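Chemist: One structure follows; several queries about it will come next.
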Amino acid sequence: MCQLLGMNCNTPTDICFSFTGFQARGGLTDQHRDGWGIAFYDGCGVRVFLDAQATVDSPIAALVRSYPIRSKNVIAHIRKATRGAIGLENTHPFQRELWGRYWIFAHNGHLRDLTPRFDGSYQPVGATDSERAFCHILQTLRARFPGGEPPSDALYETLRALAAEIGTHGEFNFLLSDGRRLYAHCASRLTFIVRQAPFGVAHLKDQDLSVDFKEVTTPHDRVAIIATTPLTDDEPWQSVPRGTLLAFKDGMPEHFEDMSTGVGCEPGASLEAA
């Protein structure tokens with residue numbers, strides 16, 4: 001099972017702490033060794049780092065782990081190949097333009113017999129079912145809203161319907177962002193946590209590393225971290241219900257009413273920092 005990691009926050013924040021734990025799942029604490037990638041939004045631009053090596057062997061991953069790139073939206077992916085050879089063209093996250101903004105997408109799961117007809121506006125470069133799904137999503141959005149970007153509620157409802165449609169072909173856990181919101185869809189397994197004041201100490205599950213976030217935050221900071229499985233062992237991670245699409249903005253989910261069901265250990269709070 002591939003691994004997903006996302007971050008959405010109300011102020012530019014670095015993801016070094018979570019990425020340190022996430023990186024270990026690419027060959028150290030898990031068997032995902034078929035490439036990895038990460039995308040950071042910076043205003044209207046995006047920094048994308050891709051590597052066909054395992055994260056534990058990747059000099060680029062070591063750079064990302066130690067370099068505090070600050071962003072309000074981040075998507076990362078560690079690949080276990082099921083469709084397509086190991087190579088950069090098949091490495092997530094994928095990037096395309098729509099309505100004058102860069103969109104970033106990463107997928108976890110396996111889609112069977114997904115063969116949409118492409119009209120030329122978007123074409124897969126690699127051989128993955130994931131990239132086909134991404135191109136299908138953007139092509140559908142462009143066709144459905146030819147006058148330009150729709151209101152956020154209409155966009156959310158369309159994405160939710162597309163997630164359900166594509167999900168009939170198999171397992172469709174994904175992260176998607178346009179730099180303003182981060183959408184997270186759970187088909188089988190996805191978790192998240194919202195970190196805000198009062199801040200405390202958090203400890204990674206996959207690495208023996210703790211951070212006291214009181215030392216590096218302000219009372220106004222808020223960050224949502226989304227991951228396939230919880231990255232820390234002392235915080236109240238929540239499971240996203242299967243079949244749910246969440247839209248995160250400014251560090252909070254906009255379309256999620258039940259915030260009471262936690263996954264993990266004792267409650268705690270923290271923010272990202274190196």
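As shown in the structure tokens, the chain order sets the letters A, B, ...; within each chain, residues go from 1, and ligands are also counted from 1 in the order they appear.
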When you look at A:Arg112 with a cut-off of 7 Å (counting only C-alpha atoms), what residues show up, excluding the ones that are within fewer than 2 positions of it in the same chain? I need them as a PyMOL selection string.
Modeler: chain A and resi 110+114+169-170
Chemist: Those same residues - N, CA and C atoms - I'd like them written as a tab-separated table (two decimals), in the first residue's frame.
Modeler:
```tsv
chain	number	residue	atom	x	y	z
A	110	HIS	N	-5.44	0.77	-6.12
A	110	HIS	CA	-5.35	0.14	-7.43
A	110	HIS	C	-6.69	0.26	-8.13
A	114	LEU	N	-9.88	1.34	-15.67
A	114	LEU	CA	-10.15	2.77	-15.79
A	114	LEU	C	-9.58	3.25	-17.12
A	169	HIS	N	-13.95	1.66	-9.67
A	169	HIS	CA	-12.92	0.86	-10.34
A	169	HIS	C	-11.91	0.26	-9.34
A	170	GLY	N	-12.04	0.58	-8.06
A	170	GLY	CA	-11.11	0.03	-7.10
A	170	GLY	C	-10.84	0.98	-5.94
```
Chemist: Within 10 Å of A:Val64, counting only C-alpha atoms, which residues show up once you throw out same-chain ones fewer than 3 positions away? Write them as a PyMOL selection string, please.
Modeler: chain A and resi 14-16+19-20+23+38+49+59-61+67-69
Chemist: If we count only C-alpha atoms, what is near A:Phe118 at a cut-off of 8 Å, once residues fewer than 3 positions away on the same chain are taken out, given as an mmCIF file with N, CA and C atoms, in the first residue's frame?
Modeler:
```
data_model
loop_
_atom_site.group_PDB
_atom_site.id
_atom_site.type_symbol
_atom_site.label_atom_id
_atom_site.label_comp_id
_atom_site.auth_asym_id
_atom_site.auth_seq_id
_atom_site.Cartn_x
_atom_site.Cartn_y
_atom_site.Cartn_z
ATOM 1 N N SER A 121 -6.867 17.667 -23.891
ATOM 2 C CA SER A 121 -6.556 18.723 -22.927
ATOM 3 C C SER A 121 -5.613 18.209 -21.838
ATOM 4 N N TYR A 122 -5.739 16.931 -21.502
ATOM 5 C CA TYR A 122 -4.843 16.292 -20.528
ATOM 6 C C TYR A 122 -4.523 14.888 -21.033
ATOM 7 N N GLN A 123 -3.258 14.519 -20.955
ATOM 8 C CA GLN A 123 -2.818 13.198 -21.369
ATOM 9 C C GLN A 123 -1.841 12.653 -20.336
ATOM 10 N N HIS A 136 -8.316 12.469 -15.907
ATOM 11 C CA HIS A 136 -9.771 12.364 -16.060
ATOM 12 C C HIS A 136 -10.473 13.398 -15.179
ATOM 13 N N GLN A 139 -9.855 16.937 -16.754
ATOM 14 C CA GLN A 139 -10.579 17.062 -18.012
ATOM 15 C C GLN A 139 -12.078 17.247 -17.749
#
```
Chemist: With only C-alpha atoms as the counted atoms, please give the residues lying no more than 12 Å from stretch 213-223 of chain A, apart from itself and same-chain residues fewer than 4 positions off, as an MDAnalysis selection string.
Modeler: chainID A and resid 6:15 17:18 71:74 182 192:203 248:253 268:274
Chemist: Determine, counting only C-alpha atoms, which protein, DNA and RNA residues have an atom within 8 Å of an atom of A:Phe22; residues of the same chain fewer than 6 positions away are not included. Present the result as a PyMOL selection string.
Modeler: chain A and resi 5+206+231
Chemist: Restricting the calculation to only C-alpha atoms: of A:Gly43, A:Pro124, A:Gly21, A:Gly179, which residue gets closest to A:Val56?
Modeler: A:Gly21
Chemist: If DSSP is run on the backbone, what residues of stretch 30-133 of chain A are strand (DSSP E or B)? A reply as an MDAnalysis selection string would be ideal.
Modeler: chainID A and resid 31 36:42 45:51 71:78 94:98 101:108 111
